[in-house]
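Undergrad: Next comes the structure file final-v1.cif, holding mmCIF, N, CA and C atoms and all ligand atoms.
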data_start
#
loop_
_atom_site.label_atom_id
_atom_site.label_comp_id
_atom_site.auth_asym_id
_atom_site.auth_seq_id
_atom_site.Cartn_x
_atom_site.Cartn_y
_atom_site.Cartn_z
N MET A 22 77.98 89.03 138.78
CA MET A 22 79.30 88.57 139.20
C MET A 22 79.20 87.97 140.60
N CYS A 23 79.51 86.68 140.73
CA CYS A 23 79.36 86.02 142.03
C CYS A 23 80.65 86.02 142.83
N GLY A 24 81.78 86.14 142.14
CA GLY A 24 83.07 86.18 142.83
C GLY A 24 83.56 84.82 143.29
N GLU A 25 82.80 83.76 142.99
CA GLU A 25 83.20 82.43 143.48
C GLU A 25 84.57 82.01 142.96
N CYS A 26 84.86 82.37 141.70
CA CYS A 26 86.14 81.95 141.13
C CYS A 26 87.31 82.73 141.72
N CYS A 27 87.03 83.74 142.50
CA CYS A 27 88.09 84.53 143.14
C CYS A 27 88.27 84.15 144.61
N LYS A 28 87.43 83.25 145.10
CA LYS A 28 87.56 82.87 146.51
C LYS A 28 87.54 81.37 146.76
N ASN A 29 87.61 80.58 145.72
CA ASN A 29 87.73 79.13 145.88
C ASN A 29 88.83 78.64 144.96
N ILE A 30 90.02 79.10 145.23
CA ILE A 30 91.13 78.86 144.31
C ILE A 30 92.09 77.83 144.91
N LEU A 31 92.48 76.87 144.07
CA LEU A 31 93.50 75.89 144.44
C LEU A 31 94.76 76.21 143.68
N PHE A 32 95.88 76.09 144.33
CA PHE A 32 97.15 76.24 143.63
C PHE A 32 97.90 74.92 143.70
N SER A 33 98.71 74.69 142.69
CA SER A 33 99.53 73.48 142.72
C SER A 33 100.94 73.82 142.25
N ASN A 34 101.85 72.96 142.63
CA ASN A 34 103.22 73.04 142.11
C ASN A 34 103.59 71.64 141.65
N GLU A 35 104.87 71.42 141.43
CA GLU A 35 105.30 70.13 140.91
C GLU A 35 104.99 68.97 141.87
N CYS A 36 104.69 69.27 143.12
CA CYS A 36 104.39 68.23 144.11
C CYS A 36 102.89 68.00 144.29
N GLY A 37 102.09 68.75 143.58
CA GLY A 37 100.65 68.59 143.72
C GLY A 37 100.01 69.84 144.30
N TYR A 38 98.79 69.68 144.81
CA TYR A 38 98.08 70.83 145.36
C TYR A 38 98.77 71.34 146.63
N VAL A 39 98.72 72.64 146.81
CA VAL A 39 99.32 73.25 148.00
C VAL A 39 98.49 72.87 149.23
N LYS A 40 99.17 72.24 150.19
CA LYS A 40 98.46 71.77 151.39
C LYS A 40 99.08 72.30 152.68
N ASP A 41 100.13 73.08 152.57
CA ASP A 41 100.71 73.64 153.81
C ASP A 41 101.20 75.07 153.57
N ASP A 42 101.24 75.80 154.67
CA ASP A 42 101.59 77.23 154.61
C ASP A 42 103.01 77.46 154.10
N GLU A 43 103.94 76.59 154.50
CA GLU A 43 105.34 76.78 154.11
C GLU A 43 105.51 76.73 152.59
N THR A 44 104.85 75.77 151.99
CA THR A 44 104.92 75.65 150.53
C THR A 44 104.41 76.92 149.87
N PHE A 45 103.30 77.43 150.39
CA PHE A 45 102.73 78.63 149.78
C PHE A 45 103.64 79.84 150.00
N LYS A 46 104.24 79.93 151.17
CA LYS A 46 105.17 81.05 151.44
C LYS A 46 106.34 81.02 150.45
N GLU A 47 106.82 79.83 150.14
CA GLU A 47 107.90 79.70 149.16
C GLU A 47 107.44 80.16 147.78
N MET A 48 106.21 79.79 147.42
CA MET A 48 105.67 80.21 146.11
C MET A 48 105.52 81.73 146.07
N GLN A 49 105.12 82.32 147.19
CA GLN A 49 104.97 83.78 147.25
C GLN A 49 106.31 84.49 147.10
N LYS A 50 107.36 83.86 147.62
CA LYS A 50 108.70 84.46 147.48
C LYS A 50 109.15 84.45 146.03
N LYS A 51 108.81 83.39 145.32
CA LYS A 51 109.26 83.23 143.93
C LYS A 51 108.41 84.02 142.95
N HIS A 52 107.12 84.12 143.21
CA HIS A 52 106.20 84.77 142.27
C HIS A 52 105.29 85.75 143.02
N LEU A 53 105.47 87.00 142.75
CA LEU A 53 104.73 88.05 143.47
C LEU A 53 103.22 87.90 143.37
N ILE A 54 102.74 87.33 142.27
CA ILE A 54 101.30 87.23 142.07
C ILE A 54 100.62 86.46 143.20
N TYR A 55 101.33 85.51 143.82
CA TYR A 55 100.72 84.72 144.90
C TYR A 55 100.45 85.56 146.14
N ARG A 56 101.03 86.74 146.20
CA ARG A 56 100.76 87.62 147.35
C ARG A 56 99.37 88.24 147.28
N PHE A 57 98.73 88.07 146.14
CA PHE A 57 97.32 88.50 146.01
C PHE A 57 96.40 87.66 146.90
N PHE A 58 96.85 86.48 147.27
CA PHE A 58 95.93 85.49 147.81
C PHE A 58 96.18 85.16 149.28
N SER A 59 95.09 84.90 149.97
CA SER A 59 95.19 84.48 151.37
C SER A 59 94.32 83.23 151.56
N LYS A 60 94.57 82.57 152.66
CA LYS A 60 93.89 81.30 152.96
C LYS A 60 92.40 81.53 153.18
N ASN A 61 91.60 80.63 152.63
CA ASN A 61 90.15 80.79 152.76
C ASN A 61 89.46 79.51 153.22
N GLY A 62 90.25 78.47 153.45
CA GLY A 62 89.65 77.22 153.90
C GLY A 62 90.50 76.03 153.50
N ILE A 63 90.00 74.87 153.83
CA ILE A 63 90.69 73.61 153.53
C ILE A 63 89.68 72.68 152.85
N VAL A 64 90.13 72.00 151.83
CA VAL A 64 89.25 71.05 151.14
C VAL A 64 89.10 69.79 151.99
N GLN A 65 87.86 69.36 152.14
CA GLN A 65 87.60 68.14 152.90
C GLN A 65 86.60 67.27 152.14
N ASN A 66 86.78 65.99 152.27
CA ASN A 66 85.86 65.02 151.68
C ASN A 66 85.76 65.12 150.16
N GLU A 67 86.89 65.37 149.50
CA GLU A 67 86.87 65.46 148.03
C GLU A 67 87.84 64.46 147.41
N GLY A 68 88.21 63.45 148.17
CA GLY A 68 89.12 62.44 147.65
C GLY A 68 90.55 62.70 148.07
N GLU A 69 91.35 61.66 147.94
CA GLU A 69 92.72 61.68 148.46
C GLU A 69 93.59 62.80 147.88
N GLU A 70 93.49 62.99 146.57
CA GLU A 70 94.35 63.98 145.93
C GLU A 70 94.09 65.40 146.44
N LEU A 71 92.83 65.72 146.66
CA LEU A 71 92.45 67.07 147.08
C LEU A 71 92.37 67.24 148.60
N GLU A 72 92.25 66.15 149.32
CA GLU A 72 92.06 66.23 150.76
C GLU A 72 93.15 67.07 151.43
N GLY A 73 92.74 68.07 152.16
CA GLY A 73 93.70 68.92 152.88
C GLY A 73 94.26 70.06 152.06
N ALA A 74 93.89 70.15 150.81
CA ALA A 74 94.39 71.25 149.97
C ALA A 74 93.83 72.58 150.49
N ILE A 75 94.65 73.60 150.39
CA ILE A 75 94.23 74.92 150.88
C ILE A 75 93.45 75.66 149.79
N LEU A 76 92.31 76.21 150.21
CA LEU A 76 91.55 77.08 149.31
C LEU A 76 91.98 78.52 149.57
N PHE A 77 92.18 79.27 148.51
CA PHE A 77 92.63 80.65 148.65
C PHE A 77 91.57 81.61 148.12
N LYS A 78 91.65 82.83 148.62
CA LYS A 78 90.80 83.89 148.07
C LYS A 78 91.70 85.08 147.72
N CYS A 79 91.22 85.85 146.78
CA CYS A 79 92.00 87.01 146.35
C CYS A 79 91.72 88.18 147.29
N ARG A 80 92.77 88.87 147.65
CA ARG A 80 92.65 90.02 148.57
C ARG A 80 91.91 91.19 147.92
N PHE A 81 91.81 91.17 146.61
CA PHE A 81 91.18 92.29 145.91
C PHE A 81 89.69 92.11 145.67
N LEU A 82 89.17 90.98 146.13
CA LEU A 82 87.72 90.76 146.01
C LEU A 82 87.03 91.49 147.16
N LYS A 83 86.23 92.47 146.83
CA LYS A 83 85.52 93.26 147.85
C LYS A 83 84.03 93.23 147.51
N ASN A 84 83.22 92.79 148.46
CA ASN A 84 81.78 92.67 148.23
C ASN A 84 81.47 91.90 146.95
N ASN A 85 82.20 90.82 146.76
CA ASN A 85 82.04 89.95 145.58
C ASN A 85 82.35 90.64 144.26
N ARG A 86 83.11 91.69 144.31
CA ARG A 86 83.52 92.37 143.08
C ARG A 86 85.02 92.59 143.11
N CYS A 87 85.59 92.57 141.93
CA CYS A 87 87.03 92.82 141.81
C CYS A 87 87.28 94.32 142.00
N SER A 88 88.07 94.65 143.01
CA SER A 88 88.33 96.07 143.29
C SER A 88 89.43 96.64 142.39
N ILE A 89 90.05 95.77 141.59
CA ILE A 89 91.07 96.25 140.63
C ILE A 89 90.70 95.79 139.21
N TYR A 90 89.42 95.76 138.95
CA TYR A 90 88.91 95.15 137.72
C TYR A 90 89.65 95.63 136.46
N PHE A 91 89.88 96.92 136.35
CA PHE A 91 90.47 97.43 135.11
C PHE A 91 91.97 97.18 134.99
N ILE A 92 92.59 96.76 136.06
CA ILE A 92 94.02 96.41 135.98
C ILE A 92 94.26 94.99 136.50
N ARG A 93 93.21 94.15 136.47
CA ARG A 93 93.35 92.79 136.97
C ARG A 93 94.33 92.00 136.11
N PRO A 94 94.95 90.98 136.71
CA PRO A 94 95.94 90.19 135.98
C PRO A 94 95.36 89.49 134.75
N ILE A 95 96.25 89.11 133.87
CA ILE A 95 95.84 88.51 132.60
C ILE A 95 95.05 87.22 132.82
N PHE A 96 95.44 86.41 133.80
CA PHE A 96 94.71 85.14 133.96
C PHE A 96 93.29 85.38 134.44
N CYS A 97 93.04 86.51 135.11
CA CYS A 97 91.67 86.85 135.50
C CYS A 97 90.90 87.32 134.26
N ARG A 98 91.59 88.07 133.41
CA ARG A 98 90.93 88.54 132.18
C ARG A 98 90.54 87.37 131.29
N ASP A 99 91.37 86.34 131.28
CA ASP A 99 91.14 85.19 130.40
C ASP A 99 90.12 84.20 130.97
N TYR A 100 89.89 84.25 132.27
CA TYR A 100 89.03 83.23 132.88
C TYR A 100 87.60 83.29 132.35
N PRO A 101 86.93 82.22 132.07
CA PRO A 101 87.48 80.86 132.03
C PRO A 101 88.08 80.59 130.66
N SER A 102 89.36 80.48 130.64
CA SER A 102 90.10 80.34 129.39
C SER A 102 89.59 79.17 128.58
N ILE A 103 89.22 79.44 127.36
CA ILE A 103 88.73 78.35 126.51
C ILE A 103 89.90 77.85 125.68
N ASN A 104 90.75 77.09 126.33
CA ASN A 104 91.84 76.48 125.57
C ASN A 104 91.73 74.96 125.68
N LYS A 105 92.37 74.31 124.74
CA LYS A 105 92.24 72.86 124.66
C LYS A 105 92.67 72.17 125.94
N LYS A 106 93.75 72.63 126.53
CA LYS A 106 94.28 71.95 127.70
C LYS A 106 93.27 71.97 128.86
N PHE A 107 92.64 73.10 129.03
CA PHE A 107 91.65 73.24 130.11
C PHE A 107 90.55 72.20 129.96
N ILE A 108 90.06 72.06 128.75
CA ILE A 108 88.95 71.14 128.51
C ILE A 108 89.42 69.69 128.50
N GLN A 109 90.58 69.44 127.89
CA GLN A 109 91.08 68.06 127.85
C GLN A 109 91.37 67.54 129.25
N MET A 110 91.73 68.42 130.17
CA MET A 110 92.02 67.99 131.53
C MET A 110 90.76 67.91 132.38
N GLY A 111 89.62 68.08 131.73
CA GLY A 111 88.36 67.95 132.46
C GLY A 111 87.97 69.20 133.21
N GLY A 112 88.57 70.33 132.85
CA GLY A 112 88.26 71.58 133.53
C GLY A 112 86.80 71.96 133.34
N THR A 113 86.23 72.44 134.40
CA THR A 113 84.85 72.91 134.34
C THR A 113 84.73 74.20 135.14
N THR A 114 83.67 74.89 134.91
CA THR A 114 83.40 76.07 135.75
C THR A 114 82.54 75.62 136.92
N LEU A 115 82.39 76.48 137.89
CA LEU A 115 81.55 76.15 139.04
C LEU A 115 80.09 76.02 138.60
N ASP A 116 79.32 75.27 139.36
CA ASP A 116 77.93 74.98 138.97
C ASP A 116 77.10 76.23 138.70
N ASN A 117 77.28 77.26 139.51
CA ASN A 117 76.44 78.45 139.35
C ASN A 117 77.11 79.54 138.49
N CYS A 118 78.17 79.16 137.78
CA CYS A 118 78.89 80.12 136.95
C CYS A 118 78.07 80.49 135.71
N GLY A 119 78.17 81.74 135.31
CA GLY A 119 77.46 82.20 134.12
C GLY A 119 78.09 81.73 132.83
N PHE A 120 79.34 81.25 132.90
CA PHE A 120 80.01 80.73 131.71
C PHE A 120 79.69 79.24 131.53
N ARG A 121 79.54 78.83 130.29
CA ARG A 121 79.28 77.42 129.98
C ARG A 121 80.14 77.01 128.80
N PHE A 122 80.60 75.77 128.83
CA PHE A 122 81.31 75.22 127.69
C PHE A 122 80.39 74.24 126.99
N GLU A 123 80.17 74.47 125.71
CA GLU A 123 79.34 73.55 124.94
C GLU A 123 80.03 73.29 123.61
N PRO A 124 80.04 72.04 123.17
CA PRO A 124 80.68 71.73 121.89
C PRO A 124 79.92 72.34 120.72
N ASP A 125 80.62 72.67 119.64
CA ASP A 125 79.97 73.18 118.43
C ASP A 125 78.93 72.19 117.94
N LYS A 126 79.35 70.93 117.92
CA LYS A 126 78.42 69.85 117.56
C LYS A 126 78.85 68.60 118.30
N LYS A 127 77.97 67.62 118.34
CA LYS A 127 78.26 66.39 119.07
C LYS A 127 79.40 65.63 118.40
N PHE A 128 80.16 64.89 119.20
CA PHE A 128 81.31 64.14 118.69
C PHE A 128 80.93 63.24 117.53
N ILE A 129 79.80 62.56 117.63
CA ILE A 129 79.35 61.61 116.61
C ILE A 129 79.17 62.32 115.26
N GLU A 130 78.82 63.58 115.30
CA GLU A 130 78.61 64.32 114.04
C GLU A 130 79.92 64.58 113.31
N TYR A 131 81.03 64.62 114.06
CA TYR A 131 82.34 64.78 113.41
C TYR A 131 82.75 63.51 112.66
N LEU A 132 82.16 62.39 113.02
CA LEU A 132 82.51 61.11 112.41
C LEU A 132 81.76 60.85 111.11
N LYS A 133 80.77 61.63 110.83
CA LYS A 133 79.96 61.41 109.63
C LYS A 133 80.66 61.89 108.37
S1 LIG A 201 92.26 90.33 140.75
FE1 LIG A 201 90.04 90.58 140.67
S2 LIG A 201 89.32 89.09 139.10
FE2 LIG A 201 91.41 88.52 139.74
S3 LIG A 201 91.15 86.98 141.36
FE3 LIG A 201 91.37 89.02 142.34
S4 LIG A 201 89.27 89.76 142.63
FE4 LIG A 201 89.20 88.08 141.14
#
Would you write out, as structure tokens, the structure that this file holds?
Ligand code: SF4
TA:
Amino acid sequence: MCGECCKNILFSNECGYVKDDETFKEMQKKHLIYRFFSKNGIVQNEGEELEGAILFKCRFLKNNRCSIYFIRPIFCRDYPSINKKFIQMGGTTLDNCGFRFEPDKKFIEYLK
């Protein structure tokens, strides 16, 4: 367990990626789950859309391990969720992640 997915988290709302503290404070007021997270850095040199986005880390990550593993939230249990939307939107796991997405068979084979 590397813990990378618990400390390099981007959040977004209807306006795009969270890039300022006020926006995140508002999200924390509306949804308690956001109180799990604190600021861990700022995205730089990743293109206009991501530039300045805040990276968050989970407060429950201790020594790269989840300190509430057995009662962790559902989205942590599901990660990396293998659903169509995730893949269709180009979702990927981090380079050093132990999870991999691979198609059952190549696209061309479905056409035969
Ligand atoms: S609750 Fe645990 S698994 Fe979920 S983000 Fe926090 S440290 Fe990671």
Undergrad: Dump the neighbourhood of ligand LIG 201 (chain A) as a ChimeraX atom specification: all residues within 8 Å, distances computed on only C-alpha atoms and all ligand atoms.
TA: /A:24,26-28,57-58,78-83,85-90,92-94,96-98
Undergrad: What is the CA of Asp116 in chain A to CA of Glu25 in chain A distance in Å?
TA: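 Between these atoms lies a distance of 10.2 Å.
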Undergrad: How many Å separate atom N of Ser59 in chain A from atom C of Phe122 in chain A?
TA: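 For atom N of Ser59 in chain A relative to atom C of Phe122 in chain A, the distance reads 29.3 Å.
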Undergrad: Going by DSSP on the backbone, which bits of range 37-133 of chain A are strand (DSSP E)? Write them as a list in words, please.
TA: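 After running DSSP on the backbone, range 37-133 of chain A has strand (DSSP E) at Gly37, Tyr38, Phe58, Ser59, Lys60, Asn61, Gly62, Ile63, Ile75, Leu76, Phe77, Lys78, Cys79, Leu82, Lys83, Arg86 and Cys87 of chain A.
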Undergrad: To one decimal place, how far is atom C of Leu53 in chain A from atom C of Phe120 in chain A in Å?
TA: 27.7 Å
Undergrad: Provide an axis-aligned box for all listed atoms of range 44-52 of chain A, padding each side by 3 Å; report its centre and its edge lengths in Å to one decimal, as JSON.
TA:
{"center_x": 106.0, "center_y": 80.7, "center_z": 147.1, "size_x": 12.5, "size_y": 16.1, "size_z": 15.7}
